[in-house]
file upload-v7.cif (mmCIF, C-alpha atoms)
data_start
loop_
_atom_site.group_PDB
_atom_site.id
_atom_site.type_symbol
_atom_site.label_atom_id
_atom_site.label_comp_id
_atom_site.auth_asym_id
_atom_site.auth_seq_id
_atom_site.Cartn_x
_atom_site.Cartn_y
_atom_site.Cartn_z
ATOM 1 C CA MET V 1 -20.925 25.583 90.226
ATOM 2 C CA PHE V 2 -17.895 25.524 92.569
ATOM 3 C CA GLY V 3 -17.682 25.931 96.333
ATOM 4 C CA LYS V 4 -16.378 28.918 98.276
ATOM 5 C CA ASN V 5 -13.082 27.244 99.197
ATOM 6 C CA PHE V 6 -12.413 26.572 95.520
ATOM 7 C CA VAL V 7 -12.937 30.214 94.586
ATOM 8 C CA GLY V 8 -10.878 31.584 97.439
ATOM 9 C CA GLN V 9 -7.901 29.352 96.715
ATOM 10 C CA LEU V 10 -8.305 29.805 92.987
ATOM 11 C CA ILE V 11 -8.034 33.568 93.231
ATOM 12 C CA ASP V 12 -5.213 33.447 95.759
ATOM 13 C CA ARG V 13 -3.091 31.455 93.324
ATOM 14 C CA SER V 14 -4.568 32.884 90.150
ATOM 15 C CA ALA V 15 -1.905 35.503 89.517
ATOM 16 C CA GLU V 16 1.814 35.046 89.157
ATOM 17 C CA ASN V 17 2.601 37.848 91.617
ATOM 18 C CA PRO V 18 0.888 39.513 94.627
ATOM 19 C CA GLU V 19 0.191 42.778 92.801
ATOM 20 C CA ASP V 20 -1.813 40.952 90.135
ATOM 21 C CA ARG V 21 -3.799 39.218 92.861
ATOM 22 C CA ARG V 22 -4.625 42.537 94.540
ATOM 23 C CA ARG V 23 -5.720 44.097 91.251
ATOM 24 C CA PHE V 24 -7.845 41.065 90.439
ATOM 25 C CA LEU V 25 -9.561 41.077 93.838
ATOM 26 C CA LYS V 26 -10.254 44.792 93.541
ATOM 27 C CA GLY V 27 -11.781 44.538 90.100
ATOM 28 C CA ALA V 28 -13.522 41.158 90.376
ATOM 29 C CA GLY V 29 -17.224 40.981 89.754
ATOM 30 C CA ALA V 30 -19.887 38.629 88.495
ATOM 31 C CA ALA V 31 -18.771 39.017 84.885
ATOM 32 C CA GLY V 32 -15.090 38.613 85.751
ATOM 33 C CA LEU V 33 -15.612 35.402 87.674
ATOM 34 C CA GLY V 34 -17.741 33.972 84.892
ATOM 35 C CA VAL V 35 -17.934 30.231 85.319
ATOM 36 C CA VAL V 36 -17.597 30.179 89.095
ATOM 37 C CA GLY V 37 -20.840 32.082 89.506
ATOM 38 C CA ALA V 38 -21.898 35.301 91.186
ATOM 39 C CA SER V 39 -23.352 33.491 94.199
ATOM 40 C CA VAL V 40 -19.919 32.959 95.728
ATOM 41 C CA LEU V 41 -18.588 36.489 95.330
ATOM 42 C CA GLY V 42 -18.859 37.001 99.044
ATOM 43 C CA ALA V 43 -16.049 34.517 99.543
ATOM 44 C CA VAL V 44 -13.555 36.272 97.289
ATOM 45 C CA ALA V 45 -11.794 38.142 100.069
ATOM 46 C CA ALA V 46 -11.849 35.231 102.519
ATOM 47 C CA PRO V 47 -8.535 33.825 103.815
ATOM 48 C CA VAL V 48 -7.203 30.925 101.825
ATOM 49 C CA ALA V 49 -6.308 27.541 103.219
ATOM 50 C CA ALA V 50 -2.912 27.001 104.790
ATOM 51 C CA GLY V 51 -0.255 25.851 102.346
ATOM 52 C CA ALA V 52 -1.755 27.670 99.396
ATOM 53 C CA SER V 53 1.212 30.018 98.935
ATOM 54 C CA ASP V 54 3.583 29.448 96.028
ATOM 55 C CA ASN V 55 6.820 27.568 96.490
ATOM 56 C CA ALA V 56 9.500 29.912 95.170
ATOM 57 C CA ASN V 57 11.586 26.976 93.974
ATOM 58 C CA ALA V 58 8.744 25.339 92.041
ATOM 59 C CA ILE V 59 6.871 26.183 88.886
ATOM 60 C CA SER V 60 3.875 28.239 89.991
ATOM 61 C CA ASP V 61 0.394 26.926 89.394
ATOM 62 C CA GLY V 62 -0.353 30.148 87.528
ATOM 63 C CA ALA V 63 2.505 29.437 85.111
ATOM 64 C CA ILE V 64 1.157 25.935 84.490
ATOM 65 C CA LEU V 65 -2.382 27.180 83.860
ATOM 66 C CA ASN V 66 -1.068 29.841 81.494
ATOM 67 C CA PHE V 67 0.841 27.158 79.617
ATOM 68 C CA ALA V 68 -2.421 25.232 79.312
ATOM 69 C CA LEU V 69 -4.207 28.400 78.178
ATOM 70 C CA ASN V 70 -1.796 28.762 75.254
ATOM 71 C CA LEU V 71 -2.739 25.255 74.116
ATOM 72 C CA GLU V 72 -6.444 25.895 74.601
ATOM 73 C CA TYR V 73 -6.198 29.029 72.431
ATOM 74 C CA LEU V 74 -4.827 26.854 69.636
ATOM 75 C CA GLU V 75 -7.497 24.187 69.953
ATOM 76 C CA ALA V 76 -10.319 26.692 70.297
ATOM 77 C CA GLU V 77 -9.210 28.623 67.215
ATOM 78 C CA PHE V 78 -8.840 25.423 65.201
ATOM 79 C CA TYR V 79 -12.310 24.112 66.018
ATOM 80 C CA SER V 80 -14.116 27.440 65.970
ATOM 81 C CA ASN V 81 -12.880 28.137 62.464
ATOM 82 C CA ALA V 82 -13.833 24.643 61.320
ATOM 83 C CA VAL V 83 -17.383 24.905 62.635
ATOM 84 C CA TYR V 84 -18.245 28.590 62.374
ATOM 85 C CA GLY V 85 -15.742 30.042 59.933
ATOM 86 C CA HIS V 86 -14.293 32.443 62.524
ATOM 87 C CA GLY V 87 -12.154 32.306 65.624
ATOM 88 C CA LEU V 88 -12.550 33.335 69.250
ATOM 89 C CA PRO V 89 -14.190 36.657 70.109
ATOM 90 C CA GLU V 90 -11.651 39.418 70.653
ATOM 91 C CA SER V 91 -12.715 39.740 74.286
ATOM 92 C CA LEU V 92 -11.183 36.313 75.005
ATOM 93 C CA THR V 93 -7.787 36.998 73.448
ATOM 94 C CA HIS V 94 -6.225 39.862 75.449
ATOM 95 C CA GLY V 95 -3.863 39.507 78.395
ATOM 96 C CA LYS V 96 -0.207 39.472 79.337
ATOM 97 C CA GLY V 97 2.403 39.108 76.628
ATOM 98 C CA HIS V 98 2.240 39.758 72.915
ATOM 99 C CA ARG V 99 -1.197 39.253 71.401
ATOM 100 C CA GLY V 100 -0.938 37.873 67.882
ATOM 101 C CA PRO V 101 -3.232 37.103 64.953
ATOM 102 C CA VAL V 102 -4.425 33.705 63.753
ATOM 103 C CA LEU V 103 -3.057 32.744 60.362
ATOM 104 C CA GLY V 104 -5.434 30.624 58.305
ATOM 105 C CA GLY V 105 -8.669 28.953 59.282
ATOM 106 C CA ARG V 106 -12.015 28.610 57.549
ATOM 107 C CA GLU V 107 -15.237 26.645 57.786
ATOM 108 C CA VAL V 108 -15.200 22.964 56.866
ATOM 109 C CA HIS V 109 -17.990 21.831 54.553
ATOM 110 C CA PHE V 110 -19.146 18.869 56.592
ATOM 111 C CA LYS V 111 -21.104 16.245 54.696
ATOM 112 C CA SER V 112 -21.722 14.083 57.750
ATOM 113 C CA SER V 113 -24.329 15.450 60.148
ATOM 114 C CA ALA V 114 -22.868 13.373 62.983
ATOM 115 C CA LEU V 115 -19.344 14.668 62.395
ATOM 116 C CA ARG V 116 -20.590 18.252 62.299
ATOM 117 C CA GLN V 117 -22.259 17.732 65.660
ATOM 118 C CA PHE V 118 -19.097 16.191 67.092
ATOM 119 C CA ALA V 119 -17.084 19.184 65.884
ATOM 120 C CA GLN V 120 -19.612 21.641 67.299
ATOM 121 C CA GLU V 121 -19.520 19.999 70.706
ATOM 122 C CA ILE V 122 -15.730 19.968 70.818
ATOM 123 C CA ALA V 123 -15.591 23.596 69.650
ATOM 124 C CA ARG V 124 -17.909 24.570 72.491
ATOM 125 C CA ASP V 125 -15.812 22.680 75.046
ATOM 126 C CA GLU V 126 -12.584 24.326 73.881
ATOM 127 C CA TYR V 127 -14.219 27.755 74.005
ATOM 128 C CA GLU V 128 -15.278 27.049 77.577
ATOM 129 C CA HIS V 129 -11.781 25.857 78.489
ATOM 130 C CA VAL V 130 -10.369 29.189 77.340
ATOM 131 C CA ARG V 131 -13.047 31.082 79.242
ATOM 132 C CA PHE V 132 -12.536 29.031 82.389
ATOM 133 C CA LEU V 133 -8.745 29.328 82.465
ATOM 134 C CA ARG V 134 -8.876 33.063 81.773
ATOM 135 C CA SER V 135 -11.374 33.490 84.604
ATOM 136 C CA ALA V 136 -9.238 31.417 86.973
ATOM 137 C CA LEU V 137 -6.077 33.340 86.116
ATOM 138 C CA GLY V 138 -7.696 36.755 86.238
ATOM 139 C CA SER V 139 -5.328 39.579 85.369
ATOM 140 C CA ALA V 140 -2.430 37.118 85.152
ATOM 141 C CA ALA V 141 -3.912 35.401 82.080
ATOM 142 C CA VAL V 142 -1.692 35.545 79.017
ATOM 143 C CA SER V 143 -3.004 36.814 75.713
ATOM 144 C CA ARG V 144 -3.463 34.659 72.661
ATOM 145 C CA PRO V 145 -0.085 34.380 70.918
ATOM 146 C CA GLU V 146 0.255 34.386 67.149
ATOM 147 C CA ILE V 147 -1.087 31.069 65.857
ATOM 148 C CA ASN V 148 -0.439 29.477 62.474
ATOM 149 C CA ILE V 149 -3.097 26.971 61.436
ATOM 150 C CA GLN V 150 -2.486 27.611 57.767
ATOM 151 C CA SER V 151 0.779 25.830 57.040
ATOM 152 C CA SER V 152 1.831 24.099 60.259
ATOM 153 C CA PHE V 153 0.111 20.792 59.521
ATOM 154 C CA THR V 154 2.535 20.007 56.710
ATOM 155 C CA ALA V 155 5.156 18.377 58.956
ATOM 156 C CA ALA V 156 3.241 15.135 59.573
ATOM 157 C CA GLY V 157 4.514 13.590 56.335
ATOM 158 C CA LEU V 158 1.093 13.187 54.753
ATOM 159 C CA ILE V 159 1.931 15.148 51.602
ATOM 160 C CA LYS V 160 4.838 15.670 49.246
ATOM 161 C CA ALA V 161 7.604 18.197 49.814
ATOM 162 C CA GLY V 162 6.651 21.690 48.746
ATOM 163 C CA GLN V 163 2.934 21.136 49.309
ATOM 164 C CA THR V 164 0.751 22.448 52.125
ATOM 165 C CA PHE V 165 -1.654 20.221 53.997
ATOM 166 C CA ASP V 166 -5.001 22.066 54.044
ATOM 167 C CA VAL V 167 -6.626 20.913 57.256
ATOM 168 C CA TYR V 168 -9.943 22.545 56.326
ATOM 169 C CA ALA V 169 -10.225 21.146 52.803
ATOM 170 C CA ASN V 170 -12.467 18.220 53.746
ATOM 171 C CA GLU V 171 -13.683 16.095 56.629
ATOM 172 C CA ASP V 172 -10.780 13.648 56.538
ATOM 173 C CA ASN V 173 -8.167 16.407 56.655
ATOM 174 C CA PHE V 174 -10.044 18.035 59.536
ATOM 175 C CA LEU V 175 -10.066 14.776 61.491
ATOM 176 C CA LEU V 176 -6.337 14.268 60.996
ATOM 177 C CA GLY V 177 -5.669 17.799 62.194
ATOM 178 C CA ALA V 178 -7.848 17.207 65.238
ATOM 179 C CA PHE V 179 -5.907 14.013 65.947
ATOM 180 C CA ILE V 180 -2.711 16.036 66.265
ATOM 181 C CA PHE V 181 -4.221 18.318 68.902
ATOM 182 C CA GLU V 182 -6.329 15.986 70.988
ATOM 183 C CA ASP V 183 -3.681 13.397 71.799
ATOM 184 C CA VAL V 184 -1.188 16.136 72.635
ATOM 185 C CA GLY V 185 -3.740 17.847 74.876
ATOM 186 C CA VAL V 186 -4.353 14.687 76.899
ATOM 187 C CA THR V 187 -0.652 14.024 77.449
ATOM 188 C CA ALA V 188 -0.018 17.684 78.290
ATOM 189 C CA TYR V 189 -2.527 17.707 81.142
ATOM 190 C CA LYS V 190 -1.346 14.291 82.341
ATOM 191 C CA GLY V 191 2.258 15.527 82.406
ATOM 192 C CA ALA V 192 1.345 18.773 84.150
ATOM 193 C CA ALA V 193 -0.599 17.097 86.960
ATOM 194 C CA PRO V 194 2.446 16.297 89.166
ATOM 195 C CA LEU V 195 3.584 19.922 88.875
ATOM 196 C CA ILE V 196 0.369 21.379 90.323
ATOM 197 C CA SER V 197 0.590 21.965 94.081
ATOM 198 C CA ASN V 198 -2.920 23.235 94.803
ATOM 199 C CA LYS V 199 -5.529 20.489 94.992
ATOM 200 C CA THR V 200 -8.333 22.648 93.657
ATOM 201 C CA TYR V 201 -6.267 23.506 90.604
ATOM 202 C CA LEU V 202 -5.390 19.853 90.239
ATOM 203 C CA GLY V 203 -9.076 18.958 90.292
ATOM 204 C CA ALA V 204 -9.837 21.531 87.608
ATOM 205 C CA ALA V 205 -6.972 20.262 85.442
ATOM 206 C CA ALA V 206 -8.232 16.697 85.887
ATOM 207 C CA GLY V 207 -11.661 17.800 84.711
ATOM 208 C CA ILE V 208 -10.219 19.335 81.548
ATOM 209 C CA LEU V 209 -8.012 16.276 80.986
ATOM 210 C CA ALA V 210 -11.100 14.046 81.114
ATOM 211 C CA VAL V 211 -12.865 16.158 78.497
ATOM 212 C CA GLU V 212 -9.798 16.157 76.250
ATOM 213 C CA ALA V 213 -9.627 12.365 76.594
ATOM 214 C CA TYR V 214 -13.268 12.075 75.500
ATOM 215 C CA HIS V 215 -12.445 14.266 72.502
ATOM 216 C CA ALA V 216 -9.380 12.203 71.612
ATOM 217 C CA ALA V 217 -11.287 8.916 71.799
ATOM 218 C CA ASN V 218 -14.021 10.362 69.601
ATOM 219 C CA ILE V 219 -11.552 11.518 66.953
ATOM 220 C CA ARG V 220 -9.545 8.273 67.072
ATOM 221 C CA THR V 221 -12.721 6.193 66.674
ATOM 222 C CA VAL V 222 -13.976 8.147 63.668
ATOM 223 C CA LEU V 223 -10.550 8.024 62.016
ATOM 224 C CA TYR V 224 -10.408 4.246 62.453
ATOM 225 C CA ASP V 225 -13.952 3.815 61.160
ATOM 226 C CA ARG V 226 -13.073 5.851 58.054
ATOM 227 C CA GLY V 227 -10.048 3.720 57.232
ATOM 228 C CA LEU V 228 -7.557 6.509 57.989
ATOM 229 C CA ALA V 229 -5.311 4.462 60.252
ATOM 230 C CA ASP V 230 -2.216 4.746 58.048
ATOM 231 C CA ALA V 231 -2.381 8.542 57.936
ATOM 232 C CA ALA V 232 -3.093 8.801 61.664
ATOM 233 C CA ASN V 233 -0.246 6.436 62.468
ATOM 234 C CA ALA V 234 2.086 8.595 60.372
ATOM 235 C CA ILE V 235 1.109 11.567 62.534
ATOM 236 C CA SER V 236 1.771 9.505 65.657
ATOM 237 C CA ALA V 237 5.241 8.621 64.348
ATOM 238 C CA ALA V 238 5.901 12.281 63.566
ATOM 239 C CA ARG V 239 4.995 13.280 67.124
ATOM 240 C CA ASP V 240 7.276 10.565 68.461
ATOM 241 C CA SER V 241 10.158 11.905 66.386
ATOM 242 C CA LEU V 242 9.794 15.316 68.016
ATOM 243 C CA ASP V 243 9.250 14.723 71.719
ATOM 244 C CA GLY V 244 12.334 12.748 72.688
ATOM 245 C CA PRO V 245 13.926 9.293 72.427
ATOM 246 C CA THR V 246 11.134 7.305 74.090
ATOM 247 C CA ASP V 247 8.559 5.545 71.937
ATOM 248 C CA ASP V 248 5.389 6.415 73.847
ATOM 249 C CA ASP V 249 3.034 7.778 71.214
ATOM 250 C CA GLN V 250 0.585 5.262 69.804
ATOM 251 C CA GLY V 251 -1.338 5.319 66.548
ATOM 252 C CA ILE V 252 -4.942 4.216 66.179
ATOM 253 C CA THR V 253 -3.972 0.651 65.289
ATOM 254 C CA LEU V 254 -1.595 -1.616 67.152
ATOM 255 C CA HIS V 255 -0.551 -5.035 65.804
ATOM 256 C CA GLY V 256 -3.204 -4.692 63.141
ATOM 257 C CA LYS V 257 -6.066 -4.057 65.570
ATOM 258 C CA ALA V 258 -7.918 -0.959 66.716
ATOM 259 C CA ASN V 259 -6.102 1.064 69.371
ATOM 260 C CA ILE V 260 -8.582 3.705 70.456
ATOM 261 C CA VAL V 261 -7.075 4.167 73.925
ATOM 262 C CA PRO V 262 -3.279 4.681 73.923
ATOM 263 C CA ALA V 263 -2.302 3.164 77.262
ATOM 264 C CA ASP V 264 0.621 1.291 78.810
ATOM 265 C CA SER V 265 0.623 -2.261 80.200
ATOM 266 C CA ASN V 266 -1.126 -0.981 83.323
ATOM 267 C CA GLY V 267 -3.883 0.669 81.333
ATOM 268 C CA LEU V 268 -2.509 4.144 82.085
ATOM 269 C CA ALA V 269 -2.160 7.054 79.694
ATOM 270 C CA PHE V 270 1.312 8.567 79.372
ATOM 271 C CA GLY V 271 2.158 12.189 79.923
ATOM 272 C CA ARG V 272 4.445 14.776 78.359
ATOM 273 C CA THR V 273 6.392 17.530 80.067
ATOM 274 C CA PRO V 274 5.660 21.105 78.959
ATOM 275 C CA GLY V 275 8.980 21.037 77.085
ATOM 276 C CA GLN V 276 7.995 17.917 75.170
ATOM 277 C CA VAL V 277 4.606 19.372 74.304
ATOM 278 C CA LEU V 278 6.349 22.458 72.940
ATOM 279 C CA ASN V 279 8.655 20.240 70.860
ATOM 280 C CA ILE V 280 5.548 19.026 69.054
ATOM 281 C CA VAL V 281 3.708 22.321 68.622
ATOM 282 C CA TYR V 282 6.955 24.112 67.683
ATOM 283 C CA LEU V 283 7.631 21.239 65.254
ATOM 284 C CA THR V 284 11.225 20.704 66.346
ATOM 285 C CA PRO V 285 13.079 18.072 68.404
ATOM 286 C CA LYS V 286 15.504 20.754 69.607
ATOM 287 C CA PRO V 287 15.317 23.411 72.324
ATOM 288 C CA ALA V 288 13.382 26.354 70.883
ATOM 289 C CA THR V 289 11.188 29.248 71.957
ATOM 290 C CA SER V 290 9.070 29.475 68.795
ATOM 291 C CA GLY V 291 8.074 27.722 65.615
ATOM 292 C CA GLY V 292 5.362 25.638 64.020
ATOM 293 C CA PHE V 293 1.913 26.512 65.318
ATOM 294 C CA TYR V 294 3.375 29.379 67.374
ATOM 295 C CA PRO V 295 5.605 31.446 65.044
ATOM 296 C CA HIS V 296 6.671 33.750 67.891
ATOM 297 C CA GLY V 297 6.310 31.273 70.709
ATOM 298 C CA VAL V 298 3.763 30.910 73.482
ATOM 299 C CA ASN V 299 3.189 33.511 76.167
ATOM 300 C CA GLY V 300 4.185 32.976 79.795
ATOM 301 C CA THR V 301 7.202 31.592 81.590
ATOM 302 C CA LEU V 302 6.885 28.017 80.278
ATOM 303 C CA ASN V 303 7.877 28.736 76.695
ATOM 304 C CA THR V 304 10.948 26.633 75.809
ATOM 305 C CA SER V 305 10.877 23.174 74.271
ATOM 306 C CA SER V 306 13.035 20.372 75.646
#

call {"tool": "encode", "arguments": {"input": "upload-v7.cif", "output": "structure tokens"}}
result
Amino acid sequence: MFGKNFVGQLIDRSAENPEDRRRFLKGAGAAGLGVVGASVLGAVAAPVAAGASDNANAISDGAILNFALNLEYLEAEFYSNAVYGHGLPESLTHGKGHRGPVLGGREVHFKSSALRQFAQEIARDEYEHVRFLRSALGSAAVSRPEINIQSSFTAAGLIKAGQTFDVYANEDNFLLGAFIFEDVGVTAYKGAAPLISNKTYLGAAAGILAVEAYHAANIRTVLYDRGLADAANAISAARDSLDGPTDDDQGITLHGKANIVPADSNGLAFGRTPGQVLNIVYLTPKPATSGGFYPHGVNGTLNTSS
């Protein structure tokens, strides 16, 4: 699927320290490389391109990909439970850092055949994102942190105080929960792009961003078609209250009309820094290292909200 240069550079920068890289190269095989394919294994030990070494004063590409992996764990668990009634296989949850359980999650009783198919496709994509990032990171991949998808959706202001928003109760609740994740995912990858120094990593991140944008547009369209604009816009306002003073987040209607693509006056999507993303998933506007969807925080070096 990918060329030899991609694999060589990917593995060179896959770990967050040289020892991890050596262990990964020693133990790599067809199964370990997964998505990149066994046909390019001969290139694993090849020299990498000049300029591929980490800048000690910058955030490493491995740290950025691990940050993304934490988010993909959350999305994959959310969708897998909705579609299949269970989460990721255990084999895709181990790694560096504390490995935690998933609180909540169950199958949604979809009445719409089309919506079920949409959910199945997104669940498959998120599963593949986890698999791809873990393969790229090798032994440096972080484990799945503890994830709370049982009570963390309550903060959007859609229900009364003291109640819990059950994201799996029906199709509408599921769509609103998906809306929280997909828009955040798009802005997370957009914000991370300038931090990535390796072009092959940047290309991979751009590919995932494009898929997340397709997902977000799908969810936003269905929400609008179902007349759920007010609830979705409340979620948008809640996100805006968490990620800083700027008013960037956009609901699915703007000036009374459909707003499927949240873009600026130049037609560009906005991005969020890792800290801002963590403000949303930790459900706090303050600096924090845990909370919300991640009761004990995310794994890796990028773990503190703005």

call {"tool": "resolve_selection", "arguments": {"input": "upload-v7.cif", "expression": "the PyMOL selection byres ((chain V and resi 220) around 12)", "output": "PDB file with C-alpha atoms, in the frame of the given file"}}
result
ATOM      1  CA  ASP V 172     -10.780  13.648  56.538  1.00  0.00           C
ATOM      2  CA  LEU V 175     -10.066  14.776  61.491  1.00  0.00           C
ATOM      3  CA  LEU V 176      -6.337  14.268  60.996  1.00  0.00           C
ATOM      4  CA  GLY V 177      -5.669  17.799  62.194  1.00  0.00           C
ATOM      5  CA  ALA V 178      -7.848  17.207  65.238  1.00  0.00           C
ATOM      6  CA  PHE V 179      -5.907  14.013  65.947  1.00  0.00           C
ATOM      7  CA  ILE V 180      -2.711  16.036  66.265  1.00  0.00           C
ATOM      8  CA  PHE V 181      -4.221  18.318  68.902  1.00  0.00           C
ATOM      9  CA  GLU V 182      -6.329  15.986  70.988  1.00  0.00           C
ATOM     10  CA  ASP V 183      -3.681  13.397  71.799  1.00  0.00           C
ATOM     11  CA  ALA V 213      -9.627  12.365  76.594  1.00  0.00           C
ATOM     12  CA  TYR V 214     -13.268  12.075  75.500  1.00  0.00           C
ATOM     13  CA  HIS V 215     -12.445  14.266  72.502  1.00  0.00           C
ATOM     14  CA  ALA V 216      -9.380  12.203  71.612  1.00  0.00           C
ATOM     15  CA  ALA V 217     -11.287   8.916  71.799  1.00  0.00           C
ATOM     16  CA  ASN V 218     -14.021  10.362  69.601  1.00  0.00           C
ATOM     17  CA  ILE V 219     -11.552  11.518  66.953  1.00  0.00           C
ATOM     18  CA  THR V 221     -12.721   6.193  66.674  1.00  0.00           C
ATOM     19  CA  VAL V 222     -13.976   8.147  63.668  1.00  0.00           C
ATOM     20  CA  LEU V 223     -10.550   8.024  62.016  1.00  0.00           C
ATOM     21  CA  TYR V 224     -10.408   4.246  62.453  1.00  0.00           C
ATOM     22  CA  ASP V 225     -13.952   3.815  61.160  1.00  0.00           C
ATOM     23  CA  ARG V 226     -13.073   5.851  58.054  1.00  0.00           C
ATOM     24  CA  GLY V 227     -10.048   3.720  57.232  1.00  0.00           C
ATOM     25  CA  LEU V 228      -7.557   6.509  57.989  1.00  0.00           C
ATOM     26  CA  ALA V 229      -5.311   4.462  60.252  1.00  0.00           C
ATOM     27  CA  ALA V 231      -2.381   8.542  57.936  1.00  0.00           C
ATOM     28  CA  ALA V 232      -3.093   8.801  61.664  1.00  0.00           C
ATOM     29  CA  ASN V 233      -0.246   6.436  62.468  1.00  0.00           C
ATOM     30  CA  SER V 236       1.771   9.505  65.657  1.00  0.00           C
ATOM     31  CA  GLN V 250       0.585   5.262  69.804  1.00  0.00           C
ATOM     32  CA  GLY V 251      -1.338   5.319  66.548  1.00  0.00           C
ATOM     33  CA  ILE V 252      -4.942   4.216  66.179  1.00  0.00           C
ATOM     34  CA  THR V 253      -3.972   0.651  65.289  1.00  0.00           C
ATOM     35  CA  ALA V 258      -7.918  -0.959  66.716  1.00  0.00           C
ATOM     36  CA  ASN V 259      -6.102   1.064  69.371  1.00  0.00           C
ATOM     37  CA  ILE V 260      -8.582   3.705  70.456  1.00  0.00           C
ATOM     38  CA  VAL V 261      -7.075   4.167  73.925  1.00  0.00           C
ATOM     39  CA  PRO V 262      -3.279   4.681  73.923  1.00  0.00           C
TER      40      PRO V 262
END

call {"tool": "resolve_selection", "arguments": {"input": "upload-v7.cif", "expression": "the PyMOL selection byres ((chain V and resi 291) around 12)", "output": "count of residues only"}}
result
31

call {"tool": "atom_distance", "arguments": {"input": "upload-v7.cif", "atom1": "atom CA of V:Ser113", "atom2": "atom CA of V:Leu209"}}
result
26.5 Å

call {"tool": "closest_residue", "arguments": {"input": "upload-v7.cif", "among": "V:Gly62, V:Gly191, V:Gly100, V:Gly244", "to": "V:Leu74", "atoms": "all atoms listed in the file"}}
result
V:Gly100

call {"tool": "closest_residue", "arguments": {"input": "upload-v7.cif", "among": "V:Gln163, V:Tyr201, V:Leu71, V:Thr154", "to": "V:Pro274", "atoms": "all atoms listed in the file"}}
result
V:Leu71

call {"tool": "atom_distance", "arguments": {"input": "upload-v7.cif", "atom1": "atom CA of V:Asn173", "atom2": "atom CA of V:His86"}}
result
18.1 Å

call {"tool": "atom_distance", "arguments": {"input": "upload-v7.cif", "atom1": "atom CA of V:Arg272", "atom2": "atom CA of V:Phe67"}}
result
13.0 Å

call {"tool": "closest_residue", "arguments": {"input": "upload-v7.cif", "among": "V:Phe174, V:Tyr168, V:Phe153, V:Tyr73", "to": "V:Arg239", "atoms": "only C-alpha atoms"}}
result
V:Phe153

call {"tool": "resolve_selection", "arguments": {"input": "upload-v7.cif", "expression": "the PyMOL selection byres ((chain V and resi 96) around 6)", "output": "PyMOL selection string"}}
result
chain V and resi 95+97+142-143
